[in-house]
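To start, the structure under review is shown below, and the notes come after it.
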Amino acid sequence: MRAIIKEEFLKTKQLLEGKTNDDLLSLKAMENSRKIAAMQQLNDLILFAFVARQKEYHVLVFKTIQISLCHGMCKEATIGLAMYGGLLIQYFNDIEGGYRFGQLAMSLVEKLQASACLARVYTAFHTFINSSSQHHRVSLEPLKLASQVALRVGDVEYSVMSARQYCIHSYQCGIELSTVEKFFRKGCQQMEEHKQVVVLKITLPYLQTVLNLMG
């Protein structure tokens, strides 16, 4: 799998080589309905792969970028760009490149008026990218907004993921533990109500850590 990840990364990097921000933002709109459907499916799979199958997650993100560069931009490309930025920082130590693609994702949301993707892009940007150069406190309000917006548009999965990250960042910021506990309990309740079992499972250890520290 490592060889496949490396191959897909190099393929993506080669496609992006020499392209400026303006070049990427001015790419034609994706018109092929089959490619748009593929992007929608990849978009949904990315979250599940991130939670449960990290190696496949890398490949799915790279594929969204490749399809966008070859067939044009659609609203789902915004999430791919933000996730790609996160990968550059997390796995390739490219903070400048990661921040660039995170900002591109948010610019594309605005250009395409892709309000339905706003929560997903905000969640990716403030989970994986912004914290590399900004204090976690800067991400708290955007993550809260992302959770609320996602719930409004029926994107339950990203609503609970952004709520989860809000709780984690609150804990990492050094906010009063009793307050953080309330945040986690509210988030876990939301996950239970919406039957987000996997996200709940990976969130409970954080809540337990807070409880342990509180004695």
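Each chain in the structure tokens gets a letter, A, B and so on, in the order shown; residues start at 1 in every chain, and ligands are counted from 1 in the order they appear.
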
| request: Give me the residues within 7 Å of Ala146 in chain A as a list in words, counting only C-alpha atoms and dropping any in the same chain fewer than 4 places off. | output: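 Using only C-alpha atoms, the neighbours found are Ala119, Tyr122, Thr123, Pro142, Ala150, Ser159 and Ser162 of chain A.
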
| message | Let's see if you can do this: from backbone DSSP, list all helix (DSSP H, G or I) residues in range 8-84 of chain A, as a ChimeraX atom specification. | response | /A:8-16,21-25,33-52,54-71,77-84

| request: Counting only C-alpha atoms, figure out which residue out of A:Ser131, A:Ser68, A:Gln196, A:Ser147 gets nearest to Tyr99 in chain A. | output: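 Comparing A:Ser131, A:Ser68, A:Gln196, A:Ser147 against Tyr99 in chain A, the winner is A:Ser131.
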
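Minimum distance to Leu10 in chain A across A:Tyr57, A:Phe48, A:Phe62, A:Tyr84 (counting only C-alpha atoms) occurs at A:Phe62.
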
| message | Can you tell me which residues surround Leu16 in chain A at a distance of at most 9 Å, considering only C-alpha atoms, apart from same-chain residues fewer than 6 positions away, and format the answer as a ChimeraX atom specification? | response | /A:24,65-66,69

| Which residue of A:Leu211, A:Leu25, A:Val180, A:Ala52 approaches Ala105 in chain A most closely, using only C-alpha atoms | A:Leu25

| Which polymer residues have any atom within 12 Å of an atom of Val198 in chain A, counting only C-alpha atoms, with same-chain residues fewer than 5 positions away left out, as a list in words? | Leu47, Phe48, Ala49, Phe50, Val51, Ala52, Glu157, Val160, Met161, Arg164, Cys188, Met191, Glu192, Thr203 and Leu204 of chain A

Residues near Cys173 in chain A, cut-off 12 Å, only C-alpha atoms, skip fewer than 4 positions along chain, as an mmCIF file with all heavy atoms, in the first residue's frame:
data_model
loop_
_atom_site.group_PDB
_atom_site.id
_atom_site.type_symbol
_atom_site.label_atom_id
_atom_site.label_comp_id
_atom_site.auth_asym_id
_atom_site.auth_seq_id
_atom_site.Cartn_x
_atom_site.Cartn_y
_atom_site.Cartn_z
ATOM 1 N N SER A 131 -3.776 24.843 12.467
ATOM 2 C CA SER A 131 -3.064 24.648 13.730
ATOM 3 C C SER A 131 -1.547 24.574 13.554
ATOM 4 O O SER A 131 -0.808 24.680 14.530
ATOM 5 C CB SER A 131 -3.556 23.372 14.422
ATOM 6 O OG SER A 131 -4.924 23.505 14.742
ATOM 7 N N GLN A 134 -1.197 28.627 13.585
ATOM 8 C CA GLN A 134 -2.010 29.448 14.478
ATOM 9 C C GLN A 134 -2.325 28.680 15.760
ATOM 10 O O GLN A 134 -2.324 27.445 15.771
ATOM 11 C CB GLN A 134 -3.321 29.848 13.795
ATOM 12 C CG GLN A 134 -3.157 30.637 12.510
ATOM 13 C CD GLN A 134 -2.752 32.076 12.749
ATOM 14 O OE1 GLN A 134 -3.043 32.638 13.807
ATOM 15 N NE2 GLN A 134 -2.074 32.675 11.788
ATOM 16 N N HIS A 135 -2.625 29.418 16.813
ATOM 17 C CA HIS A 135 -3.033 28.789 18.070
ATOM 18 C C HIS A 135 -4.382 28.096 17.877
ATOM 19 O O HIS A 135 -5.219 28.545 17.089
ATOM 20 C CB HIS A 135 -3.146 29.867 19.162
ATOM 21 C CG HIS A 135 -3.187 29.293 20.551
ATOM 22 N ND1 HIS A 135 -4.327 28.730 21.092
ATOM 23 C CD2 HIS A 135 -2.231 29.202 21.508
ATOM 24 C CE1 HIS A 135 -4.067 28.315 22.321
ATOM 25 N NE2 HIS A 135 -2.804 28.583 22.595
ATOM 26 N N HIS A 136 -4.570 26.995 18.595
ATOM 27 C CA HIS A 136 -5.834 26.261 18.498
ATOM 28 C C HIS A 136 -7.047 27.144 18.784
ATOM 29 O O HIS A 136 -8.134 26.908 18.249
ATOM 30 C CB HIS A 136 -5.839 25.093 19.493
ATOM 31 C CG HIS A 136 -5.115 23.876 18.997
ATOM 32 N ND1 HIS A 136 -4.760 23.703 17.688
ATOM 33 C CD2 HIS A 136 -4.700 22.744 19.655
ATOM 34 C CE1 HIS A 136 -4.144 22.532 17.541
ATOM 35 N NE2 HIS A 136 -4.085 21.941 18.714
ATOM 36 N N ARG A 137 -6.877 28.143 19.623
ATOM 37 C CA ARG A 137 -8.018 29.013 19.956
ATOM 38 C C ARG A 137 -8.608 29.687 18.719
ATOM 39 O O ARG A 137 -9.813 29.960 18.677
ATOM 40 C CB ARG A 137 -7.587 30.086 20.969
ATOM 41 C CG ARG A 137 -7.348 29.558 22.377
ATOM 42 C CD ARG A 137 -7.062 30.678 23.345
ATOM 43 N NE ARG A 137 -6.744 30.161 24.675
ATOM 44 C CZ ARG A 137 -7.651 29.848 25.583
ATOM 45 N NH1 ARG A 137 -8.939 30.011 25.306
ATOM 46 N NH2 ARG A 137 -7.281 29.385 26.774
ATOM 47 N N VAL A 138 -7.752 29.957 17.730
ATOM 48 C CA VAL A 138 -8.220 30.603 16.498
ATOM 49 C C VAL A 138 -9.231 29.723 15.763
ATOM 50 O O VAL A 138 -10.112 30.225 15.053
ATOM 51 C CB VAL A 138 -7.012 30.916 15.578
ATOM 52 C CG1 VAL A 138 -7.466 31.505 14.246
ATOM 53 C CG2 VAL A 138 -6.055 31.875 16.274
ATOM 54 N N SER A 139 -9.121 28.406 15.947
ATOM 55 C CA SER A 139 -9.978 27.468 15.226
ATOM 56 C C SER A 139 -11.299 27.167 15.942
ATOM 57 O O SER A 139 -12.183 26.551 15.340
ATOM 58 C CB SER A 139 -9.231 26.145 14.997
ATOM 59 O OG SER A 139 -8.145 26.338 14.127
ATOM 60 N N LEU A 140 -11.437 27.580 17.174
ATOM 61 C CA LEU A 140 -12.620 27.182 17.946
ATOM 62 C C LEU A 140 -13.923 27.682 17.328
ATOM 63 O O LEU A 140 -14.858 26.893 17.121
ATOM 64 C CB LEU A 140 -12.485 27.655 19.399
ATOM 65 C CG LEU A 140 -11.401 26.951 20.221
ATOM 66 C CD1 LEU A 140 -11.355 27.520 21.642
ATOM 67 C CD2 LEU A 140 -11.635 25.444 20.265
ATOM 68 N N GLN A 165 -13.738 17.860 16.955
ATOM 69 C CA GLN A 165 -12.474 18.598 16.916
ATOM 70 C C GLN A 165 -12.537 19.861 17.766
ATOM 71 O O GLN A 165 -11.535 20.269 18.356
ATOM 72 C CB GLN A 165 -12.129 18.964 15.463
ATOM 73 C CG GLN A 165 -10.660 19.302 15.258
ATOM 74 C CD GLN A 165 -9.740 18.149 15.633
ATOM 75 O OE1 GLN A 165 -10.041 16.990 15.338
ATOM 76 N NE2 GLN A 165 -8.626 18.449 16.278
ATOM 77 N N TYR A 166 -13.709 20.457 17.846
ATOM 78 C CA TYR A 166 -13.891 21.617 18.726
ATOM 79 C C TYR A 166 -13.575 21.224 20.176
ATOM 80 O O TYR A 166 -12.883 21.951 20.891
ATOM 81 C CB TYR A 166 -15.326 22.136 18.615
ATOM 82 C CG TYR A 166 -15.650 23.255 19.567
ATOM 83 C CD1 TYR A 166 -15.355 24.582 19.246
ATOM 84 C CD2 TYR A 166 -16.242 22.994 20.802
ATOM 85 C CE1 TYR A 166 -15.642 25.614 20.131
ATOM 86 C CE2 TYR A 166 -16.531 24.024 21.690
ATOM 87 C CZ TYR A 166 -16.232 25.328 21.344
ATOM 88 O OH TYR A 166 -16.514 26.346 22.232
ATOM 89 N N CYS A 167 -14.066 20.081 20.579
ATOM 90 C CA CYS A 167 -13.818 19.596 21.944
ATOM 91 C C CYS A 167 -12.335 19.319 22.167
ATOM 92 O O CYS A 167 -11.771 19.684 23.207
ATOM 93 C CB CYS A 167 -14.625 18.323 22.199
ATOM 94 S SG CYS A 167 -16.410 18.553 22.173
ATOM 95 N N ILE A 168 -11.702 18.671 21.199
ATOM 96 C CA ILE A 168 -10.279 18.338 21.326
ATOM 97 C C ILE A 168 -9.427 19.600 21.404
ATOM 98 O O ILE A 168 -8.526 19.711 22.244
ATOM 99 C CB ILE A 168 -9.826 17.441 20.155
ATOM 100 C CG1 ILE A 168 -10.506 16.072 20.245
ATOM 101 C CG2 ILE A 168 -8.306 17.270 20.154
ATOM 102 C CD1 ILE A 168 -10.304 15.192 19.029
ATOM 103 N N HIS A 169 -9.704 20.558 20.544
ATOM 104 C CA HIS A 169 -8.943 21.804 20.571
ATOM 105 C C HIS A 169 -9.180 22.567 21.877
ATOM 106 O O HIS A 169 -8.255 23.201 22.402
ATOM 107 C CB HIS A 169 -9.317 22.677 19.367
ATOM 108 C CG HIS A 169 -8.582 22.316 18.119
ATOM 109 N ND1 HIS A 169 -8.573 23.094 16.988
ATOM 110 C CD2 HIS A 169 -7.814 21.236 17.818
ATOM 111 C CE1 HIS A 169 -7.833 22.523 16.051
ATOM 112 N NE2 HIS A 169 -7.380 21.388 16.530
ATOM 113 N N LEU A 177 -11.108 22.325 32.679
ATOM 114 C CA LEU A 177 -11.491 20.938 32.393
ATOM 115 C C LEU A 177 -12.986 20.683 32.580
ATOM 116 O O LEU A 177 -13.586 19.909 31.827
ATOM 117 C CB LEU A 177 -10.687 19.981 33.277
ATOM 118 C CG LEU A 177 -9.211 19.809 32.894
ATOM 119 C CD1 LEU A 177 -8.489 18.942 33.921
ATOM 120 C CD2 LEU A 177 -9.061 19.197 31.507
ATOM 121 N N THR A 179 -15.338 22.694 31.959
ATOM 122 C CA THR A 179 -15.997 23.224 30.762
ATOM 123 C C THR A 179 -15.784 22.294 29.583
ATOM 124 O O THR A 179 -16.715 22.024 28.808
ATOM 125 C CB THR A 179 -15.434 24.622 30.424
ATOM 126 O OG1 THR A 179 -15.634 25.494 31.540
ATOM 127 C CG2 THR A 179 -16.120 25.216 29.200
ATOM 128 N N VAL A 180 -14.566 21.788 29.448
ATOM 129 C CA VAL A 180 -14.255 20.855 28.356
ATOM 130 C C VAL A 180 -15.089 19.582 28.497
ATOM 131 O O VAL A 180 -15.588 19.036 27.506
ATOM 132 C CB VAL A 180 -12.752 20.511 28.344
ATOM 133 C CG1 VAL A 180 -12.449 19.449 27.288
ATOM 134 C CG2 VAL A 180 -11.916 21.760 28.080
#

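Our summary of the geometry notes that CA of Lys11 in chain A is positioned 12.8 Å from CA of His58 in chain A.
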
| task | Would you mind listing what lies within 8 Å of Asn43 in chain A as a PyMOL selection string, with only C-alpha atoms counted and same-chain residues fewer than 5 positions away left out? | result | chain A and resi 64+76+79-80

Write to file, as a PDB file, in the first residue's frame, the residues of the selection just made, with all heavy atoms.
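Output below, filename part.pdb:
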ATOM      1  N   THR A  64      -9.116  12.624  -5.881  1.00  0.00           N
ATOM      2  CA  THR A  64     -10.002  13.778  -6.080  1.00  0.00           C
ATOM      3  C   THR A  64      -9.244  14.918  -6.759  1.00  0.00           C
ATOM      4  O   THR A  64      -9.799  15.610  -7.619  1.00  0.00           O
ATOM      5  CB  THR A  64     -10.591  14.281  -4.746  1.00  0.00           C
ATOM      6  OG1 THR A  64      -9.548  14.726  -3.880  1.00  0.00           O
ATOM      7  CG2 THR A  64     -11.390  13.202  -4.055  1.00  0.00           C
ATOM      8  N   GLU A  76     -17.203  19.562  -5.079  1.00  0.00           N
ATOM      9  CA  GLU A  76     -16.554  18.529  -4.266  1.00  0.00           C
ATOM     10  C   GLU A  76     -15.026  18.648  -4.282  1.00  0.00           C
ATOM     11  O   GLU A  76     -14.351  18.131  -3.396  1.00  0.00           O
ATOM     12  CB  GLU A  76     -16.964  17.138  -4.751  1.00  0.00           C
ATOM     13  CG  GLU A  76     -18.371  16.723  -4.386  1.00  0.00           C
ATOM     14  CD  GLU A  76     -19.443  17.382  -5.232  1.00  0.00           C
ATOM     15  OE1 GLU A  76     -19.107  17.878  -6.331  1.00  0.00           O
ATOM     16  OE2 GLU A  76     -20.614  17.408  -4.811  1.00  0.00           O
ATOM     17  N   ILE A  79     -13.247  20.100  -1.012  1.00  0.00           N
ATOM     18  CA  ILE A  79     -12.862  19.238   0.111  1.00  0.00           C
ATOM     19  C   ILE A  79     -11.568  18.518  -0.209  1.00  0.00           C
ATOM     20  O   ILE A  79     -10.683  18.375   0.646  1.00  0.00           O
ATOM     21  CB  ILE A  79     -13.979  18.233   0.450  1.00  0.00           C
ATOM     22  CG1 ILE A  79     -15.230  18.954   0.932  1.00  0.00           C
ATOM     23  CG2 ILE A  79     -13.520  17.267   1.527  1.00  0.00           C
ATOM     24  CD1 ILE A  79     -16.272  19.203  -0.102  1.00  0.00           C
ATOM     25  N   GLY A  80     -11.416  18.075  -1.453  1.00  0.00           N
ATOM     26  CA  GLY A  80     -10.175  17.413  -1.854  1.00  0.00           C
ATOM     27  C   GLY A  80      -8.965  18.311  -1.667  1.00  0.00           C
ATOM     28  O   GLY A  80      -7.929  17.868  -1.159  1.00  0.00           O
TER      29      GLY A  80
END

| task | Have a look at A:Tyr171, A:Phe183, A:Phe125, A:Phe9 and name the one nearest to Gly98 in chain A; count only C-alpha atoms. | result | A:Phe125

| Nearby residues (only C-alpha atoms) at most 9 Å from Ser107 in chain A, same-chain spacing under 5 positions excluded, as a ChimeraX atom specification | /A:25,78,102,112

| query | Any idea what the distance is between CA of Gly85 in chain A and CA of Val61 in chain A? | reply |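 The value is 9.9 Å.
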